[in-house]
Each structure stands twice: as structure tokens, then as C-alpha cells.
>>> print(open('run-v2.csv').read())   # CSV, C-alpha atoms
chain,number,residue,atom,x,y,z
B,1,MET,CA,-19.1,22.5,31.1
B,2,SER,CA,-19.3,22.0,27.4
B,3,ARG,CA,-18.9,18.5,26.1
B,4,LEU,CA,-17.7,17.5,22.6
B,5,CYS,CA,-20.1,15.0,21.2
B,6,LEU,CA,-19.0,13.2,18.0
B,7,TYR,CA,-21.2,11.0,15.8
B,8,TYR,CA,-20.2,8.4,13.3
B,9,ARG,CA,-23.2,6.2,12.5
B,10,ARG,CA,-22.7,3.5,9.8
B,11,GLU,CA,-25.3,2.8,7.1
B,12,PRO,CA,-27.8,0.3,8.6
B,13,GLU,CA,-27.9,-3.1,6.9
B,14,ARG,CA,-31.1,-3.7,4.9
B,15,ASP,CA,-32.6,-6.9,3.7
B,16,ARG,CA,-31.4,-7.6,0.1
B,17,TRP,CA,-32.6,-11.0,-1.1
B,18,VAL,CA,-34.8,-12.5,1.6
B,19,PRO,CA,-36.4,-11.1,4.8
B,20,GLY,CA,-33.9,-11.1,7.6
B,21,ASP,CA,-30.7,-11.6,5.5
B,22,ARG,CA,-29.4,-8.3,6.9
B,23,TRP,CA,-28.4,-10.2,10.0
B,24,VAL,CA,-26.7,-13.0,8.1
B,25,ARG,CA,-24.8,-11.1,5.4
B,26,PRO,CA,-22.3,-9.3,7.8
B,27,ILE,CA,-21.5,-12.6,9.4
B,28,ALA,CA,-20.9,-14.3,6.0
B,29,ARG,CA,-18.8,-11.3,4.9
B,30,ARG,CA,-16.6,-11.6,8.0
B,31,ILE,CA,-16.1,-15.3,7.5
B,32,ILE,CA,-15.2,-14.9,3.8
B,33,ARG,CA,-13.2,-11.7,3.8
B,34,GLY,CA,-12.0,-11.5,7.4
B,35,LYS,CA,-12.2,-8.5,9.7
B,36,PRO,CA,-13.7,-5.5,7.8
B,37,ARG,CA,-11.4,-2.7,6.8
B,38,ALA,CA,-12.2,0.9,7.8
B,39,GLY,CA,-13.6,2.8,4.8
B,40,GLY,CA,-12.6,6.3,3.9
B,41,VAL,CA,-15.2,8.1,6.0
B,42,GLU,CA,-14.6,5.8,9.0
B,43,LYS,CA,-10.8,6.5,8.7
B,44,VAL,CA,-11.6,10.2,8.9
B,45,PHE,CA,-13.5,9.7,12.1
B,46,LEU,CA,-10.8,7.4,13.6
B,47,ASN,CA,-8.0,9.8,12.8
B,48,LEU,CA,-9.9,12.7,14.2
B,49,CYS,CA,-10.3,10.8,17.5
B,50,LEU,CA,-6.5,10.0,17.5
B,51,GLY,CA,-5.7,13.7,17.1
B,52,LEU,CA,-8.1,14.7,19.9
B,53,ASP,CA,-6.5,12.0,22.1
B,54,LEU,CA,-3.1,13.5,21.4
B,55,LEU,CA,-4.4,16.9,22.4
B,56,GLY,CA,-5.9,15.6,25.6
B,57,ILE,CA,-9.4,16.5,24.6
B,58,ARG,CA,-12.2,14.5,26.0
B,59,TYR,CA,-15.2,13.6,23.8
B,60,GLN,CA,-18.3,11.5,23.7
B,61,VAL,CA,-19.0,9.1,20.8
B,62,ASN,CA,-22.5,8.4,19.6
B,63,LEU,CA,-24.2,9.6,22.8
B,64,PRO,CA,-27.9,9.0,22.4
B,65,PHE,CA,-29.4,12.3,21.1
B,66,ARG,CA,-31.8,12.5,24.1
B,67,LYS,CA,-28.9,12.7,26.5
B,68,LEU,CA,-27.4,15.8,25.0
B,69,GLN,CA,-27.2,18.8,27.2
B,70,PRO,CA,-27.8,22.4,26.1
B,71,THR,CA,-24.1,23.4,26.2
B,72,ASP,CA,-22.9,20.3,24.3
B,73,ARG,CA,-21.1,20.8,21.0
B,74,VAL,CA,-22.3,18.3,18.3
B,75,ALA,CA,-20.4,17.0,15.2
B,76,VAL,CA,-21.9,14.5,12.9
B,77,LEU,CA,-19.4,13.1,10.4
B,78,GLY,CA,-21.3,10.3,8.7
B,79,CYS,CA,-21.8,7.9,7.3
B,80,GLY,CA,-24.9,8.5,5.1
B,81,ARG,CA,-28.0,10.6,5.2
B,82,HIS,CA,-29.5,8.5,8.1
B,83,SER,CA,-26.8,9.9,10.4
B,84,LEU,CA,-29.1,12.6,11.7
B,85,ASP,CA,-32.2,10.4,11.9
B,86,GLY,CA,-34.0,11.1,15.2
B,87,TYR,CA,-32.1,14.3,16.0
B,88,ASN,CA,-34.6,16.7,17.6
B,89,GLN,CA,-32.3,18.8,19.8
B,90,PRO,CA,-31.7,22.6,19.5
B,91,ASN,CA,-27.9,22.2,19.8
B,92,PRO,CA,-26.2,23.5,16.6
B,93,VAL,CA,-24.5,20.8,14.5
B,94,VAL,CA,-21.3,20.7,12.6
B,95,ALA,CA,-21.8,18.1,9.9
B,96,GLY,CA,-20.1,16.9,6.8
B,97,ILE,CA,-17.7,14.7,4.9
B,98,GLY,CA,-19.9,11.6,4.6
B,99,LEU,CA,-23.6,12.6,4.8
B,100,MET,CA,-24.1,12.8,1.0
B,101,THR,CA,-22.1,12.5,-2.2
B,102,HIS,CA,-23.5,15.8,-3.7
B,103,PRO,CA,-25.5,18.5,-2.1
B,104,SER,CA,-28.3,18.2,-4.6
B,105,GLU,CA,-29.1,14.9,-2.9
B,106,TRP,CA,-30.1,16.8,0.3
B,107,PRO,CA,-30.5,20.5,-0.4
B,108,THR,CA,-32.7,21.0,2.6
B,109,LEU,CA,-30.2,19.7,5.1
B,110,CYS,CA,-29.7,23.0,6.9
B,111,LYS,CA,-33.5,23.5,7.1
B,112,ASP,CA,-34.2,20.0,8.3
B,113,TYR,CA,-31.6,20.2,11.1
B,114,PRO,CA,-29.7,23.0,12.9
B,115,VAL,CA,-26.6,22.6,10.8
B,116,VAL,CA,-24.3,25.6,11.3
B,117,ARG,CA,-21.3,24.3,9.4
B,118,TYR,CA,-20.9,21.8,6.7
B,119,LEU,CA,-17.3,20.4,6.3
B,120,GLN,CA,-15.5,19.2,3.2
B,121,HIS,CA,-11.9,18.2,3.0
B,122,SER,CA,-10.6,20.5,0.3
B,123,ALA,CA,-11.3,23.6,-1.8
B,124,TRP,CA,-12.7,21.9,-4.9
B,125,CYS,CA,-15.3,20.0,-2.9
B,126,ASP,CA,-16.1,23.1,-0.9
B,127,ALA,CA,-16.9,24.9,-4.1
B,128,ILE,CA,-19.5,22.3,-5.0
B,129,TYR,CA,-21.3,22.7,-1.7
B,130,ARG,CA,-21.3,26.5,-1.4
B,131,PRO,CA,-24.1,27.2,-3.8
B,132,TYR,CA,-26.3,25.1,-1.6
B,133,PHE,CA,-25.1,25.8,1.9
B,134,GLY,CA,-23.4,29.2,1.5
B,135,GLU,CA,-21.3,30.5,4.3
B,136,ARG,CA,-22.0,27.5,6.4
B,137,CYS,CA,-19.3,25.7,4.4
B,138,ALA,CA,-15.8,25.2,5.8
B,139,ILE,CA,-12.7,23.3,4.7
B,140,TRP,CA,-11.2,20.8,7.1
B,141,PRO,CA,-8.7,18.0,6.2
B,142,VAL,CA,-8.2,15.2,8.7
B,143,GLY,CA,-4.7,14.5,10.1
B,144,ILE,CA,-2.4,11.7,9.1
B,145,ASP,CA,-0.8,9.4,11.7
B,146,THR,CA,2.8,10.2,11.1
B,147,ASP,CA,4.0,7.8,13.8
B,148,ARG,CA,2.4,4.8,12.0
B,149,TRP,CA,3.2,6.1,8.5
B,150,SER,CA,6.9,6.8,8.7
B,151,PRO,CA,9.9,6.4,6.3
B,152,THR,CA,12.1,3.4,5.9
B,153,ALA,CA,15.8,3.7,4.8
B,154,PHE,CA,16.0,4.6,1.1
B,155,ASN,CA,19.0,2.3,0.5
B,156,THR,CA,17.0,-0.7,1.6
B,157,LYS,CA,14.3,-0.2,-1.0
B,158,THR,CA,14.2,-2.7,-3.9
B,159,ILE,CA,11.4,-1.4,-6.2
B,160,ASP,CA,11.3,1.8,-8.2
B,161,PHE,CA,7.6,2.5,-8.2
B,162,LEU,CA,4.4,1.4,-6.5
B,163,ILE,CA,1.5,1.9,-8.9
B,164,TYR,CA,-1.5,2.7,-6.7
B,165,ASP,CA,-4.5,1.8,-8.9
B,166,LYS,CA,-7.7,3.6,-8.0
B,167,ILE,CA,-9.3,3.8,-11.4
B,168,HIS,CA,-13.0,3.6,-10.9
B,169,TRP,CA,-14.8,4.6,-14.2
B,170,ASP,CA,-14.2,3.7,-17.8
B,171,ARG,CA,-11.9,1.0,-16.7
B,172,GLU,CA,-11.4,-0.6,-20.1
B,173,ALA,CA,-10.6,2.7,-21.8
B,174,ARG,CA,-8.2,3.6,-18.9
B,175,GLU,CA,-6.4,0.3,-19.2
B,176,THR,CA,-5.7,1.1,-22.9
B,177,GLU,CA,-5.1,4.8,-22.7
B,178,LEU,CA,-3.3,5.1,-19.3
B,179,PHE,CA,-2.4,2.0,-17.4
B,180,THR,CA,-0.8,-0.1,-20.1
B,181,PRO,CA,1.2,2.8,-21.6
B,182,ILE,CA,2.5,3.8,-18.2
B,183,ARG,CA,3.8,0.3,-17.5
B,184,ALA,CA,5.4,0.2,-21.0
B,185,ILE,CA,7.1,3.5,-20.4
B,186,LEU,CA,8.5,2.3,-17.1
B,187,ALA,CA,9.9,-0.8,-18.8
B,188,GLN,CA,11.5,1.3,-21.5
B,189,VAL,CA,13.5,3.3,-19.0
B,190,GLY,CA,14.3,0.3,-16.8
B,191,CYS,CA,12.1,1.1,-13.8
B,192,THR,CA,10.7,-1.7,-11.8
B,193,HIS,CA,7.2,-1.6,-10.3
B,194,GLU,CA,4.6,-3.4,-8.4
B,195,ILE,CA,0.8,-2.8,-8.4
B,196,LEU,CA,-1.7,-2.3,-5.5
B,197,ARG,CA,-5.4,-2.1,-6.4
B,198,TYR,CA,-7.6,0.0,-4.3
B,199,GLY,CA,-10.0,-2.1,-2.2
B,200,ALA,CA,-8.0,-5.2,-2.6
B,201,TYR,CA,-5.4,-4.8,0.2
B,202,ASP,CA,-5.1,-4.1,3.9
B,203,PRO,CA,-3.1,-1.3,5.5
B,204,LYS,CA,-0.3,-3.6,6.4
B,205,ALA,CA,0.2,-4.6,2.8
B,206,PHE,CA,0.2,-1.0,1.8
B,207,GLN,CA,2.7,-0.1,4.5
B,208,ALA,CA,4.9,-3.0,3.4
B,209,ALA,CA,4.8,-1.9,-0.3
B,210,LEU,CA,5.7,1.7,0.7
B,211,GLY,CA,8.7,0.2,2.6
B,212,ARG,CA,9.9,-1.6,-0.6
B,213,CYS,CA,9.2,1.2,-3.2
B,214,ARG,CA,11.1,4.4,-3.8
B,215,ALA,CA,8.2,6.3,-5.2
B,216,MET,CA,4.5,5.9,-6.0
B,217,ILE,CA,2.5,6.5,-9.2
B,218,PHE,CA,-0.9,7.5,-7.9
B,219,LEU,CA,-3.7,6.7,-10.3
B,220,SER,CA,-6.9,8.3,-9.0
B,221,PRO,CA,-9.0,10.7,-11.1
B,222,HIS,CA,-9.9,12.9,-8.1
B,223,GLU,CA,-9.7,12.9,-4.3
B,224,SER,CA,-11.5,15.0,-1.7
B,225,GLN,CA,-8.4,14.6,0.4
B,226,GLY,CA,-6.4,11.6,-0.7
B,227,ILE,CA,-5.6,9.9,2.6
B,228,ALA,CA,-3.7,7.0,1.0
B,229,ALA,CA,-1.6,9.4,-1.0
B,230,GLN,CA,-0.8,11.4,2.1
B,231,GLU,CA,0.1,8.2,4.0
B,232,ALA,CA,2.6,7.6,1.3
B,233,LEU,CA,4.0,11.1,1.6
B,234,ALA,CA,4.2,10.8,5.4
B,235,SER,CA,6.2,7.6,4.7
B,236,GLY,CA,8.7,9.6,2.7
B,237,VAL,CA,7.5,8.3,-0.7
B,238,PRO,CA,7.1,11.0,-3.3
B,239,LEU,CA,4.2,10.8,-5.9
B,240,LEU,CA,4.0,11.0,-9.6
B,241,ALA,CA,0.2,11.6,-9.6
B,242,TRP,CA,-2.3,11.4,-12.4
B,243,ASN,CA,-4.3,14.6,-12.2
B,244,PRO,CA,-6.8,14.9,-15.1
B,245,GLY,CA,-8.4,18.0,-13.6
B,246,PHE,CA,-12.1,17.1,-13.6
B,247,LEU,CA,-14.5,15.0,-11.7
B,248,GLU,CA,-15.1,11.7,-13.6
B,249,ASP,CA,-18.0,10.3,-11.6
B,250,PRO,CA,-20.8,9.6,-14.1
B,251,ASN,CA,-23.3,10.7,-11.5
B,252,ARG,CA,-22.3,14.3,-12.4
B,253,PHE,CA,-24.9,14.2,-15.2
B,254,HIS,CA,-27.6,13.3,-12.8
B,255,TRP,CA,-26.5,16.1,-10.5
B,256,GLY,CA,-26.7,18.6,-13.4
B,257,GLN,CA,-23.0,19.5,-13.3
B,258,THR,CA,-21.4,17.9,-16.4
B,259,ILE,CA,-18.0,19.7,-15.8
B,260,ILE,CA,-16.7,19.9,-12.3
B,261,PRO,CA,-13.1,21.0,-11.7
B,262,ALA,CA,-11.3,18.6,-9.4
B,263,THR,CA,-7.9,17.3,-8.4
B,264,SER,CA,-6.4,14.1,-7.3
B,265,VAL,CA,-3.9,15.8,-5.0
B,266,PRO,CA,-5.6,18.7,-3.2
B,267,TYR,CA,-2.8,18.9,-0.6
B,268,PHE,CA,0.5,18.9,-2.6
B,269,ASP,CA,3.5,21.1,-3.4
B,270,ALA,CA,6.9,20.7,-5.1
B,271,ARG,CA,8.2,18.7,-2.1
B,272,CYS,CA,5.7,16.0,-2.7
B,273,GLY,CA,6.4,15.1,-6.4
B,274,LEU,CA,5.0,15.9,-9.8
B,275,THR,CA,1.7,15.4,-11.6
B,276,PHE,CA,0.6,14.5,-15.2
B,277,ARG,CA,-2.6,14.7,-17.2
B,278,ASP,CA,-2.3,11.7,-19.5
B,279,ALA,CA,0.1,9.0,-20.7
B,280,SER,CA,1.9,11.5,-23.1
B,281,GLU,CA,2.6,13.9,-20.2
B,282,PHE,CA,3.7,11.0,-18.1
B,283,SER,CA,6.4,10.2,-20.6
B,284,LEU,CA,7.7,13.7,-20.2
B,285,GLN,CA,7.3,14.0,-16.4
B,286,LEU,CA,9.0,10.6,-15.6
B,287,PRO,CA,12.5,11.8,-16.5
B,288,ALA,CA,12.0,15.0,-14.6
B,289,PHE,CA,10.7,13.1,-11.6
B,290,LEU,CA,13.6,10.7,-11.6
B,291,ALA,CA,16.1,13.5,-11.9
B,292,ALA,CA,14.6,15.4,-9.0
B,293,GLN,CA,14.5,12.3,-6.9
B,294,ARG,CA,18.2,11.6,-7.6
B,295,ALA,CA,19.0,15.2,-6.7
B,296,GLY,CA,17.2,14.9,-3.4
B,297,ARG,CA,14.7,17.6,-4.2
B,298,PHE,CA,11.6,15.8,-2.8
B,299,ALA,CA,10.8,16.0,0.9
B,300,PRO,CA,7.2,14.7,1.1
B,301,ARG,CA,7.2,13.9,4.8
B,302,ASP,CA,8.1,17.5,5.6
B,303,TYR,CA,5.0,18.7,3.8
B,304,ILE,CA,2.8,16.4,5.9
B,305,LEU,CA,4.5,17.4,9.2
B,306,GLU,CA,4.0,21.0,8.3
B,307,ASN,CA,0.3,20.8,7.3
B,308,LEU,CA,-1.4,17.5,8.1
B,309,THR,CA,-0.4,16.0,11.4
B,310,LEU,CA,-3.1,14.5,13.7
B,311,GLU,CA,-2.6,17.3,16.2
B,312,LYS,CA,-2.8,20.2,13.8
B,313,CYS,CA,-5.9,19.0,12.0
B,314,ALA,CA,-7.6,18.1,15.3
B,315,GLY,CA,-6.8,21.6,16.5
B,316,HIS,CA,-8.4,23.1,13.4
B,317,PHE,CA,-11.4,20.9,14.0
B,318,LEU,CA,-11.8,22.3,17.5
B,319,GLU,CA,-11.6,25.9,16.1
B,320,LEU,CA,-14.5,25.0,13.8
B,321,MET,CA,-16.4,23.6,16.7
B,322,ASN,CA,-16.2,26.9,18.6
B,323,PHE,CA,-19.0,28.3,16.5
B,324,SER,CA,-20.4,30.5,19.1
B,325,LYS,CA,-18.6,33.1,21.3
B,326,LYS,CA,-21.1,32.3,24.0
B,327,SER,CA,-20.2,28.6,24.0
B,328,ALA,CA,-18.2,27.4,27.0
B,329,PRO,CA,-14.7,26.4,26.1
B,330,LEU,CA,-14.0,22.7,25.5
B,331,ASP,CA,-11.6,21.2,28.1
>>> encode(input="run-v2.csv", output="C-alpha cells")
Amino acid sequence: MSRLCLYYRREPERDRWVPGDRWVRPIARRIIRGKPRAGGVEKVFLNLCLGLDLLGIRYQVNLPFRKLQPTDRVAVLGCGRHSLDGYNQPNPVVAGIGLMTHPSEWPTLCKDYPVVRYLQHSAWCDAIYRPYFGERCAIWPVGIDTDRWSPTAFNTKTIDFLIYDKIHWDREARETELFTPIRAILAQVGCTHEILRYGAYDPKAFQAALGRCRAMIFLSPHESQGIAAQEALASGVPLLAWNPGFLEDPNRFHWGQTIIPATSVPYFDARCGLTFRDASEFSLQLPAFLAAQRAGRFAPRDYILENLTLEKCAGHFLELMNFSKKSAPLD
């Protein structure tokens, strides 16, 4: 019988200031900040497990490598390059999502380990990895928990827009060129708004904000998948999304790719909302967005239910795991 063996191994703590402080810092963080929130890659792993549970698929998590059997199917989803440390088994590996930020950081991955597929969430990310890993590359988005992220009645909402602020780089310039003008334009047309800053909230606060707000302005320069945006869509909240069209990470110069086409909404269609490139285009798109919203032309949850449920994406993952016709079927 073939087992499905999943691995999510967090980056190990390392001493930073004095010897041994790697043991103390996590305790201090928990006291000061409370229970740690799941990061993006961890959420991918958790949502995959939820989808497999719904499909009735059994799986092992972080089984010691030495206990793998020859017929076991192995998937390593992160987090970090250390995830495969100590792997010395012949079992082919499906890897991806969180092992590296750019393939130039680990171009020998598929020589170092028997990696037969490398996963990325969307087409623009896949295009970055293909020159390094070729046909091993595959696209796989994780599913969204549509039971947890579900709509509230529109007529009970009290705020026009939630501004989701995920601006990382060139913060001062973006405040001047984008953030402040958007708020001014909203005020000019009489739209109310509230702001949620990425990394400074917990899921309950996000869920509550989506329950209050009729739409969301999504300010993120690029997303490999955009789980938070898709949670909003699953909640019936359409997006007016900033989509400059290129990767803004300054590390691109170090990677030797100064221009990398990218998108902030890799899974998106007319049911989900509209996009804009800059503040000038925002001023043009806002009236069109409001008119479409009044006319009932948005149906963002339908898009998620059609494309990105936990079950559908877990099923796609299982298809990718069946990498050998000789492999025994997963139960």
C-alpha cells in the first residue's frame, strides 16, 4: 500500500545575540505577541491537509525519513532550504512553494535530491522556475476554506471599503504616490473605509472586517497566489486590486532578473472585481467598480467555488503526486 507522506519543517531557530538564546526567544515572543499566527507557507500546508481530510485521504506528517517505505509518495512543502536536510531515500519527491524564494538560490536542487516535480502556485511564478527546473515544474494553487470564509448579509454591512495594506517596498514613496491619493479619492466620492495592515492582525480581525465591509481595496504589488485576497472573495467581498504588473522585490537585482512580470491577482476574473495600475487609474476604475457593484455584476464567491475549494485543490495535488504509472494508488 502506498502512503502519502507530507513534510512541513519550519526554519530552525538559531542563536542571534548570545549562545542559547534560540531557546529563549520563542518563549519571549509568545509572551509578548501571544500565540504565533500561521505564515503563508504554513497556511498552504494546513489548507492542503484540510482538503485531504475532506476527501478522506490518509497521510503521514513529518515521518522520519528513515521510516519511509519504497512505495511511499513524498511531498516536501517547506519551509526553507533545510526542509530536505538528511533526506537520503530513493523515493521521488514532489517539492515546492516554500523551499526558496528564487531558483537561483538553489539551482542544483534536482541534482541534490530526487525531486521529480517542483510546485508553484501560479503561472507567473512557474515561469521563473522553468528555466532552472524545466518540465519538473507544475502549477498548483492551494484551496480556500469556503466554510470558514463565507458571506455575511450585504444589507448589514456598514463600511464601503476595507483597504488591505500589504505594501512592502518603497513604503514612503508608495504612501505619497498611492496610499494617500486613494484615501483622498474615496473621501471625494463619499466612500467610507477602514485599514488593515498585513502582519498586524489575526484571522478573526480580518474576518470581522470582511463582515463589515462591502468591498476590499487590495494593495499588494504581487502575489504567488494571494490567499488573503481569495479569502475575501470566498466571503463574497469583491476586490479593487492594485496590479502594477511587475515584481517589486529588490532582490531581483541580486537574482539577475531586473524585470519580472508578475500579478497581484493570479486567480481572478470579471466576477471578482477590477484592477488598477496606479492612483490615476484608480480614480477611473472606482466609479466603474461602484456601478458594477450596484448592478450586482460581481459574484466573487462563485469564482472560488468553481476553482479553488479545498477539495478541488487537494484533488489536483493528488493528481500531481501520482507521478509514476507504476505507483500504487493512494487510498
>>> residues_around(input="run-v2.csv", residues="Tyr118 of chain B", least_positions_apart="4", cutoff="9 Å", atoms="all atoms listed in the file", output="PyMOL selection string")
chain B and resi 93-97+110+129+133+136-139
>>> residues_near_point(input="run-v2.csv", point="(-4.0, 16.8, 12.6)", cutoff="12 Å", atoms="only C-alpha atoms", output="count of residues only")
34
>>> atom_distance(input="run-v2.csv", atom1="atom CA of Leu162 of chain B", atom2="atom CA of Glu194 of chain B")
5.2 Å
>>> closest_residue(input="run-v2.csv", among="B:Gly236, B:Pro107, B:Pro287, B:Gly80", to="Trp149 of chain B", atoms="only C-alpha atoms")
B:Gly236
>>> closest_atom_pairs(input="run-v2.csv", of="segment 68-170 of chain B", to="segment 207-229 of chain B", cutoff="6 Å", atoms="all atoms listed in the file", output="Markdown table")
| residue | atom | partner | partner_atom | distance |
| --- | --- | --- | --- | --- |
| B:His121 | CA | B:Gln225 | CA | 5.7 |
| B:Ser122 | CA | B:Ser224 | CA | 5.9 |
| B:Thr152 | CA | B:Gly211 | CA | 5.7 |
| B:Lys157 | CA | B:Arg212 | CA | 4.6 |
| B:Thr158 | CA | B:Arg212 | CA | 5.5 |
| B:Ile159 | CA | B:Cys213 | CA | 4.5 |
| B:Asp160 | CA | B:Arg214 | CA | 5.1 |
| B:Phe161 | CA | B:Ala215 | CA | 4.9 |
| B:Leu162 | CA | B:Met216 | CA | 4.5 |
| B:Ile163 | CA | B:Ile217 | CA | 4.7 |
| B:Tyr164 | CA | B:Phe218 | CA | 5.0 |
| B:Asp165 | CA | B:Leu219 | CA | 5.2 |
| B:Lys166 | CA | B:Ser220 | CA | 4.9 |
| B:Ile167 | CA | B:Ser220 | CA | 5.6 |
>>> closest_residue(input="run-v2.csv", among="B:Leu233, B:Leu247, B:Ala262, B:Leu119", to="Leu99 of chain B", atoms="all atoms listed in the file")
B:Leu119
